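Undergrad: Before anything else, here's the structure in question.
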Amino acid sequence: MELFGLFNYWVFALLLMVGFYAVISRPNLIKKLLGLSIFQAAVFLLYITMDKVEGGTAPIIQKGVDDAIYSNPLPQVLILTAIVVGISTLALGLALVVRIYEAYGTIEEDEIQQQDLNR
Amino acid sequence: MITIVFGVFLLTLLLIVAIAIVREQDLFTAVTLMGIFSLLMAANFFVLDAADVALTEAAVGAGISTVLLLGALALTPGRERSIPKGRWLALVVVTLTTLVVVHATFGNPRLGDPGAPVHQHVAPWYLEQTPELIGIPNVVTAVLGSFRAYDTLGEVIVVLTAGIGVLFLLGLPGAVGERRREELALGRTYLSHHLVPQVVGRLLIPFILLFALYVQFHGEYGPGGGFQAGAIFASAIILYALIEGEREALTVISPRLLVWMMAGGALLYGGVGVVTMLLGGNFLDYSVLAEDPVKGQQWGIIVIELGVGITVAGVLLAIYHAFAARGR
């Protein structure tokens, strides 16, 4: 099982770049935001992968159990708050996209830039 | 062993779904896949012992973010223009970067290695001192609410700021100035003429609200807390809005109350900090709130978690209503 010891990190690397590819190669603004969400989820995965301890359990202390191994609570706290901040910033991005569509009539990045040039 | 197989299976599915999201040109399909992606991610977090994070991801990622994305898609074109050929440069950059990052992972400790540097620093101290100093079983809540309370206050302010930003951009009808109830969301029918969603929704909504309260006030003992509870509460009201219509939901929680909830929760959190200062302690040092320092810590965590829950629920609901009210 040594082989799979780094599997989580490889998936992190691939997810990160799948998200990044959507951001740099697609002109559609909503697709870019979806790509950013995937990118962000990959970072969450990296942090939560680090919290795992072999044979451990969720860090909720039980009375009368002395020999339990607990996983690391700190990355969990950081990511817990980051998820809620992530949805708020995603909503802000979506609101900007909606206003851009109302102003330009398109959400394709190159068409928006073309309109700006012609103005 | 079985955990590793399950983990590898889930991660592979995650990767397939992510690639499908990027390739799919119909944005509605992509958004639905995004919901599946979040649910798989939540299952993954659970396998990795992060029960609190899994609960948050399931409520926020799979639930509310899908609704918000669909709300935005209703206002913008639902199809991506077919992409021009010749994106080779992007592909080359992405492939090279992937190789570099994968190469870097070979220096990482194996999954679950107890000797990894991340487990040597401050985490053992949290696990050791929480029963003595805070006296609550859930260490995640203790770290979130007390040891790192400054950080959490900052996050709440960020959520509030993002909510204010959305309201600036899209506006929330009825939040400012007098506006009659009849004018809100005029002429919308929603799902009110579909019997099955309506009956199922009416049966489910009270239990979702009850579960939100349980998660809010049981967060010291089990997985849960203000962030999760706020998201679950908001999703119950959003479900109500989808079934009964915008207007009914805005009657239950008026736009003006939403704005007060957004600011009030953060104010409650900061207020606790000011009270601890007036009682002679440091900012957000709850020990001074009661005779017994441990009791004081518990009181402080309960109150600030309530503040977090109110702000998160208020912001998410306000954002949803802002998108929904912008309809054609």
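Letters A, B, ... mark the chains of the structure tokens in the order given; residue numbers begin at 1 per chain; ligand numbers begin at 1, in order shown.
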List the spatial neighbours of Arg110 of chain B as a PDB file with N, CA and C atoms, in the first residue's frame - criterion: any atom at most 8 Å away, only C-alpha atoms, same-chain residues fewer than 2 positions off excluded.
TA:
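Saved file part20.pdb follows:
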ATOM      1  N   GLU A   2       2.182   1.075   0.081  1.00  0.00           N
ATOM      2  CA  GLU A   2       3.081   2.215  -0.018  1.00  0.00           C
ATOM      3  C   GLU A   2       2.804   3.020  -1.281  1.00  0.00           C
ATOM      4  N   GLY A   5       0.324   5.742  -0.999  1.00  0.00           N
ATOM      5  CA  GLY A   5       0.578   6.736   0.043  1.00  0.00           C
ATOM      6  C   GLY A   5       0.584   8.161  -0.482  1.00  0.00           C
ATOM      7  N   LEU A   6       0.900   8.326  -1.767  1.00  0.00           N
ATOM      8  CA  LEU A   6       0.957   9.676  -2.336  1.00  0.00           C
ATOM      9  C   LEU A   6      -0.183   9.948  -3.309  1.00  0.00           C
TER      10      LEU A   6
ATOM     11  N   ASN B 108       6.858  14.565  -0.035  1.00  0.00           N
ATOM     12  CA  ASN B 108       5.851  14.636   1.030  1.00  0.00           C
ATOM     13  C   ASN B 108       5.839  13.366   1.869  1.00  0.00           C
ATOM     14  N   GLY B 112      -1.226   9.597   6.220  1.00  0.00           N
ATOM     15  CA  GLY B 112      -1.439   8.995   7.527  1.00  0.00           C
ATOM     16  C   GLY B 112      -0.184   8.779   8.329  1.00  0.00           C
ATOM     17  N   ASP B 113       0.965   9.271   7.858  1.00  0.00           N
ATOM     18  CA  ASP B 113       2.214   9.112   8.591  1.00  0.00           C
ATOM     19  C   ASP B 113       2.160   9.933   9.892  1.00  0.00           C
TER      20      ASP B 113
END
Undergrad: Contacts of Tyr21 of chain A at 8 Å or less, counting only C-alpha atoms, minus same-chain residues fewer than 5 places along, as a PyMOL selection string?
TA: (chain A and resi 26+35) or (chain B and resi 90-91+94)
Undergrad: Using only C-alpha atoms, which chain A residues lie at most 7 Å away from chain B, written as a ChimeraX atom specification?
TA: /A:5-6,9-11,13-15,17-18,21-22,24-25,28,48-49,52-54,57-62,71-74,76-77,79-81,83-85,87-89,91-92,94-96,98,101
Undergrad: What lies within 9 Å of Ala266 of chain B using only C-alpha atoms, ignoring chain neighbours under 5 positions off, as a list in words?
TA: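 Once the adjacent positions are removed, what remains is Leu153, Val156, Ile157, Leu160, Met261, Gly271, Ile304, Gly307, Val308, Ile310 and Thr311 of chain B.
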Undergrad: With C-alpha atoms kept, could you save the residues just selected as an mmCIF file, in the first residue's frame?
TA:
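Final output, again34.cif:
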data_model
loop_
_atom_site.group_PDB
_atom_site.id
_atom_site.type_symbol
_atom_site.label_atom_id
_atom_site.label_comp_id
_atom_site.auth_asym_id
_atom_site.auth_seq_id
_atom_site.Cartn_x
_atom_site.Cartn_y
_atom_site.Cartn_z
ATOM 1 C CA LEU B 153 -13.797 36.647 13.345
ATOM 2 C CA VAL B 156 -16.963 36.082 9.332
ATOM 3 C CA ILE B 157 -16.105 39.640 8.282
ATOM 4 C CA LEU B 160 -20.162 39.674 5.462
ATOM 5 C CA MET B 261 -28.929 39.273 10.449
ATOM 6 C CA GLY B 271 -19.339 42.388 20.934
ATOM 7 C CA ILE B 304 -19.787 33.452 19.065
ATOM 8 C CA GLY B 307 -23.108 34.983 15.843
ATOM 9 C CA VAL B 308 -21.359 33.004 13.100
ATOM 10 C CA ILE B 310 -26.709 34.178 12.121
ATOM 11 C CA THR B 311 -24.282 35.962 9.782
#
Undergrad: Based on DSSP run over this structure's backbone, return all residues of chain A in helix (DSSP H, G or I), as a PyMOL selection string.
TA: chain A and resi 2-25+29-51+73-104+109-118
Undergrad: So the first atom is atom CA of Ala229 of chain B and the second is atom CA of Gly64 of chain A; what is the distance between them in Å, to one decimal place?
TA: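 Atom-to-atom, atom CA of Ala229 of chain B to atom CA of Gly64 of chain A, that is 28.8 Å.
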Undergrad: What gap, in Å, lies between atom CA of Val288 of chain B and atom CA of Gly300 of chain B?
TA: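 The value is 9.5 Å.
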